[in-house]
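**Q** The file below is data.txt, compact mmCIF, C-alpha atoms:
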```txt
# COMPACT_ATOMS: atom_id res chain seq x y z
CA MET D 195 62.50 159.49 168.04
CA GLY D 196 63.19 161.57 171.14
CA GLU D 197 66.79 162.13 170.09
CA LEU D 198 65.71 163.56 166.79
CA THR D 199 63.35 166.11 168.23
CA SER D 200 65.04 169.31 168.95
CA GLY D 201 62.71 172.08 169.90
CA PRO D 202 59.16 171.42 171.04
CA PRO D 203 58.65 168.08 172.77
CA ILE D 204 56.42 166.42 170.25
CA THR D 205 56.85 163.00 171.79
CA ALA D 206 55.32 164.33 174.98
CA ALA D 207 52.35 165.83 173.16
CA TYR D 208 51.90 162.58 171.33
CA ALA D 209 51.23 160.58 174.46
CA PRO D 210 49.57 157.18 174.22
CA PRO D 211 45.78 157.10 174.59
CA GLU D 212 45.79 156.29 178.31
CA GLY D 213 46.77 159.90 178.89
CA LEU D 214 43.36 160.95 177.62
CA SER D 215 40.40 161.70 179.77
CA PRO D 216 37.78 158.99 179.35
CA GLU D 217 35.16 161.22 177.77
CA SER D 218 37.51 162.26 174.99
CA SER D 219 38.30 158.70 174.01
CA PHE D 220 35.84 158.59 171.13
CA VAL D 221 34.47 162.06 170.70
CA VAL D 222 35.19 162.51 167.04
CA GLU D 223 34.17 165.93 165.82
CA LEU D 224 34.44 164.96 162.22
CA SER D 225 31.97 167.60 161.17
CA ALA D 226 34.60 170.25 161.86
CA PHE D 227 37.12 168.79 159.44
CA SER D 228 36.64 166.61 156.46
CA GLY D 229 40.10 165.10 156.78
CA PRO D 230 43.67 165.56 157.94
CA LEU D 231 44.53 167.77 154.96
CA ASP D 232 41.66 170.05 155.88
CA LEU D 233 42.96 170.41 159.42
CA LEU D 234 46.49 170.93 158.16
CA LEU D 235 45.37 173.70 155.82
CA LEU D 236 43.53 175.41 158.64
CA LEU D 237 46.66 175.37 160.77
CA ILE D 238 48.76 176.75 157.94
CA ARG D 239 46.21 179.50 157.47
CA GLU D 240 46.07 180.26 161.19
CA GLU D 241 49.84 180.37 161.48
CA GLN D 242 50.03 182.55 158.36
CA VAL D 243 52.90 180.58 156.91
CA ASP D 244 54.11 180.16 153.35
CA ILE D 245 52.87 176.87 152.04
CA TYR D 246 56.14 176.33 150.13
CA ASP D 247 58.15 176.76 153.31
CA ILE D 248 56.10 175.12 156.04
CA PRO D 249 57.77 175.20 159.43
CA ILE D 250 57.19 171.50 159.91
CA ALA D 251 58.10 171.40 163.61
CA ARG D 252 55.60 174.10 164.51
CA ILE D 253 52.81 172.80 162.30
CA CYS D 254 53.39 169.23 163.40
CA GLU D 255 53.21 170.21 167.04
CA GLN D 256 50.00 172.14 166.41
CA PHE D 257 48.53 169.26 164.44
CA VAL D 258 49.18 166.72 167.16
CA ALA D 259 47.88 169.08 169.83
CA ARG D 260 44.74 169.74 167.80
CA ILE D 261 43.90 166.11 167.17
CA ARG D 262 44.30 165.51 170.89
CA THR D 263 41.93 168.29 171.90
CA LEU D 264 39.43 167.28 169.24
CA GLY D 265 39.69 163.64 170.15
CA LEU D 266 40.52 162.90 166.56
CA ASN D 267 43.46 160.72 167.44
CA GLU D 268 41.22 157.69 167.19
CA ALA D 269 40.84 158.27 163.50
CA ALA D 270 43.47 156.44 161.52
CA GLU D 271 43.80 159.09 158.82
CA TYR D 272 44.76 161.78 161.30
CA LEU D 273 47.25 159.49 162.99
CA GLU D 274 48.74 158.68 159.63
CA MET D 275 49.16 162.35 158.86
CA ALA D 276 50.75 162.96 162.27
CA ALA D 277 53.21 160.16 161.55
CA ARG D 278 53.92 161.61 158.12
CA LEU D 279 54.63 165.02 159.62
CA LEU D 280 56.97 163.51 162.19
CA ARG D 281 58.78 161.66 159.44
CA ILE D 282 59.19 164.82 157.38
CA LYS D 283 60.46 166.60 160.44
CA ALA D 284 63.00 163.86 161.05
CA GLN D 285 64.12 164.02 157.43
CA MET D 286 64.55 167.77 157.70
CA LEU D 287 66.81 167.31 160.70
CA LEU D 288 69.11 164.83 159.00
CA PRO D 289 72.37 166.43 157.91
CA ARG D 290 72.44 167.21 154.18
CA SER D 291 75.61 165.76 152.78
CA ASP D 292 74.88 166.77 149.23
CA GLU D 293 73.08 170.08 148.97
CA GLU D 294 72.58 169.64 145.21
CA ALA D 295 70.82 166.30 145.36
CA TRP D 296 68.78 167.21 148.42
CA GLU D 297 65.09 167.05 147.84
CA ASP D 298 62.77 168.90 150.14
CA PRO D 299 60.90 166.19 152.07
CA ARG D 300 57.95 168.57 152.29
CA ALA D 301 57.49 168.78 148.54
CA GLU D 302 55.04 165.89 148.32
CA LEU D 303 53.00 167.25 151.20
CA VAL D 304 52.93 170.70 149.61
CA ARG D 305 51.73 169.21 146.35
CA ARG D 306 48.95 167.36 148.14
CA LEU D 307 47.94 170.42 150.13
CA LEU D 308 47.71 172.57 147.02
CA GLU D 309 45.73 169.90 145.25
CA TYR D 310 43.42 169.66 148.21
CA GLN D 311 43.05 173.43 148.41
CA GLN D 312 42.17 173.56 144.75
CA MET D 313 39.51 170.94 145.30
CA ARG D 314 38.11 172.94 148.23
CA GLU D 315 37.61 175.84 145.87
CA VAL D 316 35.55 173.65 143.60
CA VAL D 317 33.60 172.49 146.64
CA ASP D 318 32.71 176.09 147.46
CA LEU D 319 31.50 176.57 143.93
CA LEU D 320 29.47 173.37 143.92
CA GLU D 321 27.99 174.21 147.29
CA HIS D 322 26.87 177.58 146.01
CA ARG D 323 25.40 176.20 142.82
CA GLY D 324 23.77 173.28 144.61
CA GLU D 325 22.14 175.62 147.13
CA GLU D 326 20.72 177.74 144.32
CA ARG D 327 19.32 174.70 142.58
CA ARG D 328 17.87 173.37 145.83
CA ASN D 329 15.69 176.44 145.97
CA GLN D 330 13.93 175.64 142.75
CA PHE D 331 11.50 172.85 142.21
CA ALA D 332 11.18 171.03 138.96
CA ARG D 333 7.93 169.77 137.57
CA ALA D 334 6.93 166.47 139.16
CA TYR D 335 9.68 166.75 141.69
CA LEU D 336 9.79 163.64 143.81
CA PRO D 337 11.86 163.41 146.99
CA GLN D 338 12.70 159.84 146.15
CA ALA D 339 12.59 158.34 142.73
CA PRO D 340 9.77 155.79 142.90
CA ALA D 341 10.47 152.24 141.88
CA PRO D 342 9.54 151.81 138.23
CA PRO D 343 6.11 150.21 137.97
CA GLN D 344 6.10 146.51 137.33
CA ALA D 345 5.54 145.84 133.68
CA PRO D 346 2.61 143.51 133.12
CA LEU D 347 3.79 139.95 132.70
CA ALA D 348 3.70 138.98 129.06
CA LEU D 349 3.99 135.23 129.24
CA SER D 350 2.24 132.42 127.45
CA LEU D 351 1.44 129.12 129.08
CA GLY D 352 3.82 127.39 126.70
CA GLU D 353 6.67 129.66 127.80
CA LEU D 354 5.86 128.94 131.42
CA PHE D 355 5.97 125.21 130.82
CA ALA D 356 9.21 125.57 128.90
CA ALA D 357 10.67 127.48 131.83
CA VAL D 358 9.51 124.84 134.30
CA ASP D 359 10.98 122.18 132.10
CA ARG D 360 14.31 124.04 131.96
CA VAL D 361 14.38 124.39 135.72
CA LEU D 362 13.52 120.77 136.30
CA ARG D 363 16.11 119.58 133.81
CA GLY D 364 18.75 121.66 135.44
CA ALA D 365 17.76 120.61 138.92
CA ARG D 366 19.73 117.92 140.64
CA LYS D 367 17.85 114.67 140.73
CA PRO D 368 16.38 114.41 144.22
CA ASN D 369 17.48 111.54 146.43
CA ILE D 370 14.42 109.37 146.50
CA HIS D 371 14.33 106.61 149.05
CA GLU D 372 12.19 103.62 148.42
CA VAL D 373 9.65 103.35 151.20
CA VAL D 374 8.05 99.99 151.67
CA ALA D 375 4.40 100.49 152.23
CA ARG D 376 3.20 98.88 155.41
CA ALA D 377 -0.46 99.43 155.16
CA ILE D 378 -2.02 100.32 158.40
CA ASP D 379 -5.30 98.51 158.27
CA ILE D 380 -7.70 100.37 160.52
CA PRO D 381 -10.98 98.96 159.11
CA GLY D 382 -9.55 95.47 159.54
CA ALA D 383 -8.59 96.18 163.12
CA ILE D 384 -12.05 97.63 163.81
CA THR D 385 -13.65 94.49 162.45
CA VAL D 386 -11.51 92.35 164.76
CA ILE D 387 -12.29 94.52 167.81
CA ARG D 388 -16.00 94.52 167.03
CA SER D 389 -16.13 90.77 166.61
CA VAL D 390 -14.25 90.18 169.88
CA LEU D 391 -16.50 92.66 171.67
CA ALA D 392 -19.53 90.85 170.25
CA LEU D 393 -18.44 87.83 172.26
CA LYS D 394 -17.22 89.60 175.39
CA ALA D 395 -18.47 92.91 176.83
CA ARG D 396 -15.02 93.76 178.18
CA ILE D 397 -11.65 92.91 176.78
CA LEU D 398 -8.09 93.89 177.63
CA TRP D 399 -5.58 95.37 175.23
CA THR D 400 -3.29 92.41 175.63
CA GLU D 401 -6.11 90.13 174.53
CA ILE D 402 -6.49 91.73 171.11
CA VAL D 403 -2.84 92.41 170.43
CA GLU D 404 -0.69 89.38 170.15
CA ARG D 405 2.68 89.34 171.75
CA SER D 406 4.32 88.69 168.41
CA ALA D 407 2.38 91.43 166.64
CA GLU D 408 4.22 93.62 164.11
CA PRO D 409 4.35 97.36 164.78
CA TRP D 410 1.87 98.00 161.98
CA GLN D 411 -0.58 95.60 163.55
CA ILE D 412 -0.23 97.23 166.95
CA LEU D 413 -0.70 100.66 165.36
CA SER D 414 -3.73 99.48 163.41
CA THR D 415 -5.34 98.13 166.51
CA LEU D 416 -4.55 101.25 168.50
CA LEU D 417 -6.00 103.50 165.83
CA GLY D 418 -8.99 101.21 165.52
CA VAL D 419 -9.64 101.41 169.24
CA LEU D 420 -9.31 105.17 169.22
CA GLU D 421 -11.62 105.41 166.24
CA LEU D 422 -14.28 103.36 167.95
CA ALA D 423 -13.84 105.35 171.14
CA LYS D 424 -14.31 108.53 169.15
CA THR D 425 -17.53 107.37 167.63
CA GLY D 426 -18.66 106.26 171.09
CA GLU D 427 -18.92 102.63 170.19
CA VAL D 428 -16.51 101.59 172.92
CA ARG D 429 -15.19 102.93 176.16
CA VAL D 430 -11.50 102.87 176.86
CA LYS D 431 -10.18 102.86 180.38
CA GLN D 432 -6.68 102.80 181.75
CA ILE D 433 -6.35 102.96 185.51
CA ARG D 434 -2.83 104.40 185.51
CA PRO D 435 -0.19 105.16 182.93
CA PHE D 436 1.21 102.12 181.17
CA ALA D 437 -1.37 99.87 182.76
CA ASN D 438 -3.33 97.47 180.62
CA VAL D 439 -6.12 99.12 178.70
CA GLU D 440 -9.64 97.94 179.20
CA ILE D 441 -11.98 98.18 176.26
CA SER D 442 -15.69 97.77 176.81
CA ARG D 443 -18.85 98.11 174.83
CA ASP D 444 -20.46 101.45 175.44
CA ALA D 445 -23.73 100.85 177.19
CA ALA D 446 -25.42 103.94 175.72
CA SER D 447 -24.51 103.25 172.12
CA GLU D 448 -25.50 99.65 172.61
CA ALA D 449 -28.91 100.77 173.78
CA ALA D 450 -29.21 103.02 170.77
CA MET L 168 3.30 182.16 121.36
CA THR L 169 4.19 180.19 118.27
CA PRO L 170 2.85 176.64 118.00
CA LEU L 171 6.39 175.27 118.38
CA ALA L 172 6.92 177.20 121.63
CA LYS L 173 3.61 175.83 122.91
CA LEU L 174 4.63 172.30 121.99
CA LEU L 175 7.93 172.70 123.84
CA GLU L 176 6.13 174.14 126.83
CA ALA L 177 3.81 171.13 126.95
CA ALA L 178 6.71 168.71 126.64
CA LEU L 179 8.72 170.49 129.34
CA PHE L 180 5.66 170.46 131.59
CA ALA L 181 5.20 166.72 131.10
CA SER L 182 8.82 165.78 131.73
CA ALA L 183 10.32 165.36 135.17
CA ARG L 184 13.86 165.51 133.72
CA PRO L 185 15.54 168.19 131.68
CA ILE L 186 14.86 167.60 128.01
CA ALA L 187 18.02 167.42 125.92
CA SER L 188 18.11 169.33 122.64
CA ASP L 189 18.13 166.15 120.53
CA GLU L 190 15.01 165.03 122.40
CA LEU L 191 13.41 168.35 121.54
CA SER L 192 13.95 167.74 117.86
CA VAL L 193 12.12 164.41 118.17
CA LEU L 194 9.07 166.37 119.28
CA ASP L 195 8.91 168.11 115.95
CA PRO L 196 11.11 166.55 113.28
CA GLU L 197 10.18 169.34 110.90
CA ALA L 198 11.69 172.03 113.09
CA SER L 199 15.28 173.05 112.53
CA ARG L 200 17.75 173.50 115.34
CA ALA L 201 17.52 177.25 114.97
CA GLN L 202 13.73 177.16 115.11
CA LEU L 203 13.83 175.09 118.27
CA GLN L 204 16.30 177.48 119.82
CA SER L 205 14.19 180.50 118.98
CA ALA L 206 11.11 178.72 120.34
CA LEU L 207 13.00 178.08 123.59
CA ASP L 208 14.04 181.73 123.71
CA GLU L 209 10.45 182.73 123.09
CA LEU L 210 9.23 180.52 125.91
CA ARG L 211 11.88 181.82 128.30
CA GLU L 212 11.02 185.39 127.45
CA HIS L 213 7.36 184.62 127.84
CA TYR L 214 7.99 183.48 131.42
CA ASP L 215 10.38 186.30 132.25
CA VAL L 216 8.60 189.23 130.64
CA GLU L 217 5.07 188.37 131.60
CA GLY L 218 6.22 187.49 135.10
CA HIS L 219 5.48 183.83 135.68
CA GLY L 220 6.10 181.80 138.82
CA VAL L 221 8.27 179.43 136.80
CA GLU L 222 11.24 179.96 134.56
CA LEU L 223 12.93 178.09 131.76
CA VAL L 224 16.43 177.00 132.75
CA GLU L 225 19.19 175.39 130.75
CA ILE L 226 20.50 172.68 133.02
CA GLY L 227 22.07 169.22 133.00
CA GLY L 228 22.58 169.16 129.26
CA GLY L 229 18.99 170.13 128.53
CA TRP L 230 16.09 172.39 129.35
CA GLN L 231 13.77 172.35 132.31
CA ILE L 232 10.97 174.42 133.78
CA LEU L 233 11.74 175.29 137.40
CA THR L 234 9.84 177.24 140.01
CA ARG L 235 11.32 180.57 140.92
CA ALA L 236 13.37 180.57 144.11
CA GLU L 237 11.20 183.20 145.80
CA TYR L 238 8.31 180.73 146.11
CA THR L 239 10.35 177.84 147.51
CA GLU L 240 9.65 178.56 151.13
CA ALA L 241 5.90 178.85 150.69
CA ILE L 242 5.76 175.65 148.65
CA GLU L 243 7.81 173.79 151.21
CA ARG L 244 5.79 175.18 154.10
CA ALA L 245 2.65 173.86 152.45
CA GLN L 246 4.43 170.51 152.11
CA LEU L 247 3.74 170.35 148.41
CA ALA L 248 7.36 169.61 147.67
CA ALA L 249 10.50 169.19 149.73
CA ARG L 250 13.98 170.40 148.96
CA PRO L 251 16.45 167.56 148.62
CA ALA L 252 18.88 167.09 151.50
CA ARG L 253 22.08 169.09 151.32
CA LEU L 254 25.17 167.13 150.46
CA SER L 255 27.78 166.90 153.18
CA GLY L 256 31.17 168.56 152.85
CA ALA L 257 32.77 165.17 152.42
CA ALA L 258 30.33 164.31 149.63
CA LEU L 259 31.05 167.62 147.88
CA GLU L 260 34.79 167.06 148.15
CA THR L 261 34.49 163.64 146.61
CA LEU L 262 32.25 164.96 143.83
CA ALA L 263 34.60 167.86 143.13
CA ILE L 264 37.52 165.48 142.68
CA ILE L 265 35.52 163.16 140.43
CA ALA L 266 34.19 166.06 138.36
CA TYR L 267 37.68 167.34 137.63
CA ARG L 268 39.62 164.11 137.36
CA GLN L 269 37.14 161.73 135.80
CA PRO L 270 37.54 158.92 135.04
CA ILE L 271 39.17 158.36 138.40
CA SER L 272 39.69 155.38 140.69
CA ARG L 273 38.85 155.21 144.35
CA ALA L 274 42.53 155.09 145.35
CA GLU L 275 43.23 158.32 143.46
CA ILE L 276 40.33 160.08 145.18
CA GLU L 277 41.57 158.88 148.55
CA GLU L 278 45.04 160.13 147.73
CA ILE L 279 43.68 163.64 147.21
CA ARG L 280 41.20 163.69 150.06
CA GLY L 281 43.45 161.92 152.55
CA VAL L 282 40.59 159.79 153.85
CA ALA L 283 38.84 156.58 152.83
CA VAL L 284 35.92 157.16 150.44
CA GLY L 285 34.49 153.68 149.85
CA GLY L 286 31.21 154.32 151.65
CA MET L 287 30.94 157.78 150.17
CA LEU L 288 31.26 156.46 146.62
CA LYS L 289 28.52 153.96 147.34
CA SER L 290 26.08 156.57 148.57
CA LEU L 291 26.90 159.00 145.74
CA HIS L 292 26.31 156.17 143.32
CA GLU L 293 23.00 155.36 144.98
CA ARG L 294 21.95 158.98 144.59
CA GLY L 295 22.78 158.74 140.91
CA LEU L 296 25.38 161.51 141.06
CA ILE L 297 28.25 159.32 139.92
CA ASP L 298 28.55 156.15 137.93
CA VAL L 299 31.13 153.57 137.06
CA VAL L 300 32.50 154.57 133.68
CA GLY L 301 35.12 151.90 133.17
CA ARG L 302 38.11 150.11 134.59
CA ALA L 303 41.69 151.25 134.81
CA GLU L 304 44.37 149.28 133.01
CA GLY L 305 46.59 149.01 136.07
CA LEU L 306 46.96 146.42 138.78
CA GLY L 307 43.63 144.96 139.89
CA ARG L 308 41.84 146.89 137.14
CA PRO L 309 40.11 149.24 139.61
CA LEU L 310 36.72 150.74 138.78
CA LEU L 311 36.75 154.24 137.40
CA TYR L 312 34.11 156.76 138.37
CA GLY L 313 32.61 159.70 136.57
CA THR L 314 29.77 162.17 137.09
CA THR L 315 26.28 161.73 135.64
CA PRO L 316 23.69 164.11 134.15
CA VAL L 317 22.02 164.07 137.59
CA PHE L 318 25.21 165.64 138.94
CA LEU L 319 24.89 168.52 136.47
CA GLU L 320 21.25 168.89 137.34
CA HIS L 321 21.97 168.89 141.06
CA PHE L 322 24.42 171.76 140.72
CA ALA L 323 22.50 173.67 138.06
CA LEU L 324 25.25 173.15 135.52
CA ARG L 325 24.57 173.11 131.81
CA HIS L 326 27.57 170.90 131.15
CA LEU L 327 30.88 169.99 132.79
CA GLU L 328 32.72 172.70 130.87
CA GLU L 329 30.80 175.22 132.92
CA LEU L 330 32.98 174.40 135.91
CA PRO L 331 35.99 176.71 136.03
CA ARG L 332 39.02 175.19 134.40
CA ALA L 333 41.63 174.01 136.87
CA GLU L 334 44.03 176.80 135.91
CA GLU L 335 41.32 179.39 136.53
CA LEU L 336 41.05 178.48 140.18
CA ALA L 337 42.68 180.74 142.73
CA ILE L 338 45.26 178.07 143.42
CA ALA L 339 46.35 176.79 140.07
CA LEU L 340 47.90 173.45 140.69
CA ARG L 341 51.33 173.07 139.23
CA VAL L 342 51.59 169.73 137.63
CA GLN L 343 55.35 169.99 137.88
CA ARG L 344 56.71 170.55 141.31
CA PRO L 345 58.20 174.01 141.78
CA GLU L 346 61.88 173.79 141.00
CA PRO L 347 64.00 174.45 144.10
CA GLU L 348 66.34 176.79 142.23
CA GLY L 349 63.41 178.50 140.45
CA GLU L 350 62.48 180.30 143.68
CA PRO L 351 58.70 180.01 143.40
CA ALA L 352 56.55 182.92 144.35
CA PRO L 353 55.25 182.20 147.82
CA VAL L 354 51.61 181.25 147.75
CA VAL L 355 49.66 181.84 150.91
CA VAL L 356 46.82 179.40 151.08
CA ASN L 357 44.18 181.86 152.16
CA ALA L 358 44.66 183.99 149.07
CA GLU L 359 41.09 184.97 148.23
CA ALA L 360 41.28 185.39 144.52
CA SER L 361 43.69 184.93 141.70
CA GLU L 362 44.80 187.81 139.60
```
Any chance you could put this one into structure tokens?
**A**
Amino acid sequence: MGELTSGPPITAAYAPPEGLSPESSFVVELSAFSGPLDLLLLLIREEQVDIYDIPIARICEQFVARIRTLGLNEAAEYLEMAARLLRIKAQMLLPRSDEEAWEDPRAELVRRLLEYQQMREVVDLLEHRGEERRNQFARAYLPQAPAPPQAPLALSLGELFAAVDRVLRGARKPNIHEVVARAIDIPGAITVIRSVLALKARILWTEIVERSAEPWQILSTLLGVLELAKTGEVRVKQIRPFANVEISRDAASEAA
Amino acid sequence: MTPLAKLLEAALFASARPIASDELSVLDPEASRAQLQSALDELREHYDVEGHGVELVEIGGGWQILTRAEYTEAIERAQLAARPARLSGAALETLAIIAYRQPISRAEIEEIRGVAVGGMLKSLHERGLIDVVGRAEGLGRPLLYGTTPVFLEHFALRHLEELPRAEELAIALRVQRPEPEGEPAPVVVNAEASE
């Protein structure tokens, strides 16, 4: 690229980002320009040049310098335009072998600039009209359109059932596992505990739960003991964690 | 005022949107188009001549009663109504392109503006200023956008034809590129007005 640039050292102006001061790394003053074409038009206006004969080298240099000072070089669109300008400049520098067939590489850019300029004119007009309209209020003006009120639900019970039926039909059949009921028999366990306690004032856990007991039996007994303890019929004592549990008739309840 | 003018006044008062002329004729099926028009004229004159705080405006393809601009500040100060937020320059640019080139795809808008407009289209659509009006035939069948009646209302336009025609703008865009041998007249971009 350096070989192609005669005149102003664009490659130098277009230094990689590390040449930037840290605070300019992402200060994007987008409010100043609404796009690369906007900036380009401003430069053309400032330089007072003929849009059909843009001195690409000068404008390109200005463009690159401007996006650097504005910190716009982080924005892809501006970089793309800078690259486009450099490409046009390179094309302009290539020797023209056939003057007849030569097509001005700036033509496309000129067309876009004119199109953009035309659109800016419409923007001015819209801005003016919009500002006029802003200064008038309509009847029932609302800053935000409210959500339309919910229409009352017109639905019969039959329709509801039909809908439920539809949903259930469509639904995938749930995976139901067969669970074998192992009835926990708390009243039975309480009866056993009571009858044992009727014979002995104090019993140990191991005495009422057999070694070969099934989990449901152990659970039933445990719940039975806890139930009786809750009602105050028995006292439950365990001297340390995991020690054998001592179950005794509650003296007070016995008296009562 | 004639009974028809009174009826129109009541209808315009009740409506938050401009009332289109075919909606007006629903109000009184007996009335002819000419009668409706003269009733509208009567109402407008009534407001203008007698000096009312509101005026009758033709806008957004219909008619609407609007407050006069001189009272805006006082109304806003009293917080009875708030002016809508101004549209950004980028939003106006996008709207201008859509207004002139509709139906138009996002890629075509981006080509003219030179920047991405995806988010802008979304917010303009949310504000009801543009709408999807179809799909292009080309690759990927992109969505095509157009302006809505709300757009006209927002910019106090009666209809789209009220915007200056493209060739009436100071820079009339040549559809054909200027021929190199044709020696085009130099156009300086900051030309203020066309002749």
**Q** Quick one: residues within 8 Å of Leu324 of chain L, only C-alpha atoms, excluding same-chain residues fewer than 6 positions away - as a list in words?
**A**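 Result of the neighbour search: Arg323 of chain D; Ile226, Gly227, Gly228 and Leu330 of chain L.
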**Q** Identify, on the basis of only C-alpha atoms, every residue whose closest approach to Val386 of chain D does not exceed 10 Å; exclude the query and any residue fewer than 6 positions from it along the same chain; express the result as a PyMOL selection string.
**A** chain D and resi 380+392+402+415+418
**Q** For the atom pair atom CA of Leu311 of chain L and atom CA of Glu293 of chain L, what is the interatomic distance in Å to one decimal place?
**A**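 Computed distance, atom CA of Leu311 of chain L to atom CA of Glu293 of chain L, equals 15.7 Å.
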**Q** Calculate how many Å separate atom CA of Arg211 of chain L from atom CA of Ile186 of chain L, rounding to one decimal.
**A**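 Going from atom CA of Arg211 of chain L over to atom CA of Ile186 of chain L, I get 14.5 Å.
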**Q** Within 10 Å of Gln231 of chain L, counting only C-alpha atoms, which residues qualify if same-chain residues fewer than 3 places away don't, as an MDAnalysis selection string?
**A** (chainID D and resid 332:333) or (chainID L and resid 176 178:180 182:187 222:228 234 320)
**Q** Measure the distance from atom CA of Ala269 of chain D to atom CA of Glu277 of chain L in Å and round it to one decimal.
**A** 15.0 Å
**Q** Quick one: which residues from chain D are at most 6 Å off chain L, using all atoms listed in the file, as a VMD selection string?
**A** chain D and resid 228 244 271 312 316 to 317 323 to 324 327 to 334
**Q** I'd like the contact shell of Gln285 of chain D - 12 Å cut-off, only C-alpha atoms, skipping same-chain residues fewer than 2 positions apart - returned as a PyMOL selection string.
**A** chain D and resi 195+198-199+250-251+278-283+287-290+296-300
**Q** Which is closest to Arg305 of chain D among D:Val373, D:Met275, D:Ala357, D:Leu231, if we use all atoms listed in the file?
**A**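 Under the stated criterion, the closest residue is D:Leu231.
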**Q** If we count all atoms listed in the file, what is near Val193 of chain L at a cut-off of 12 Å, once residues fewer than 5 positions away on the same chain are taken out, given as a PyMOL selection string?
**A** chain L and resi 174-175+178+186-188+198-200+203
**Q** Go through D:Val258, D:Ala345, D:Leu233, D:Leu308 one by one, measure the shortest atom-to-atom distance of each to Ile245 of chain D using all atoms listed in the file, and give the residue with the smallest value.
**A**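 Among the listed residues, D:Leu308 lies closest to Ile245 of chain D.
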**Q** Here is a test: counting all atoms listed in the file, which residue of D:Leu417, D:Arg396, D:Met286, D:Leu273 is nearest to Asp444 of chain D?
**A** D:Arg396
**Q** At a cut-off of 10 Å from (-9.6, 98.1, 176.8) in the coordinates of the file, what residues are picked up using all atoms listed in the file, written as an MDAnalysis selection string?
**A** chainID D and resid 396:402 419 428:432 438:443
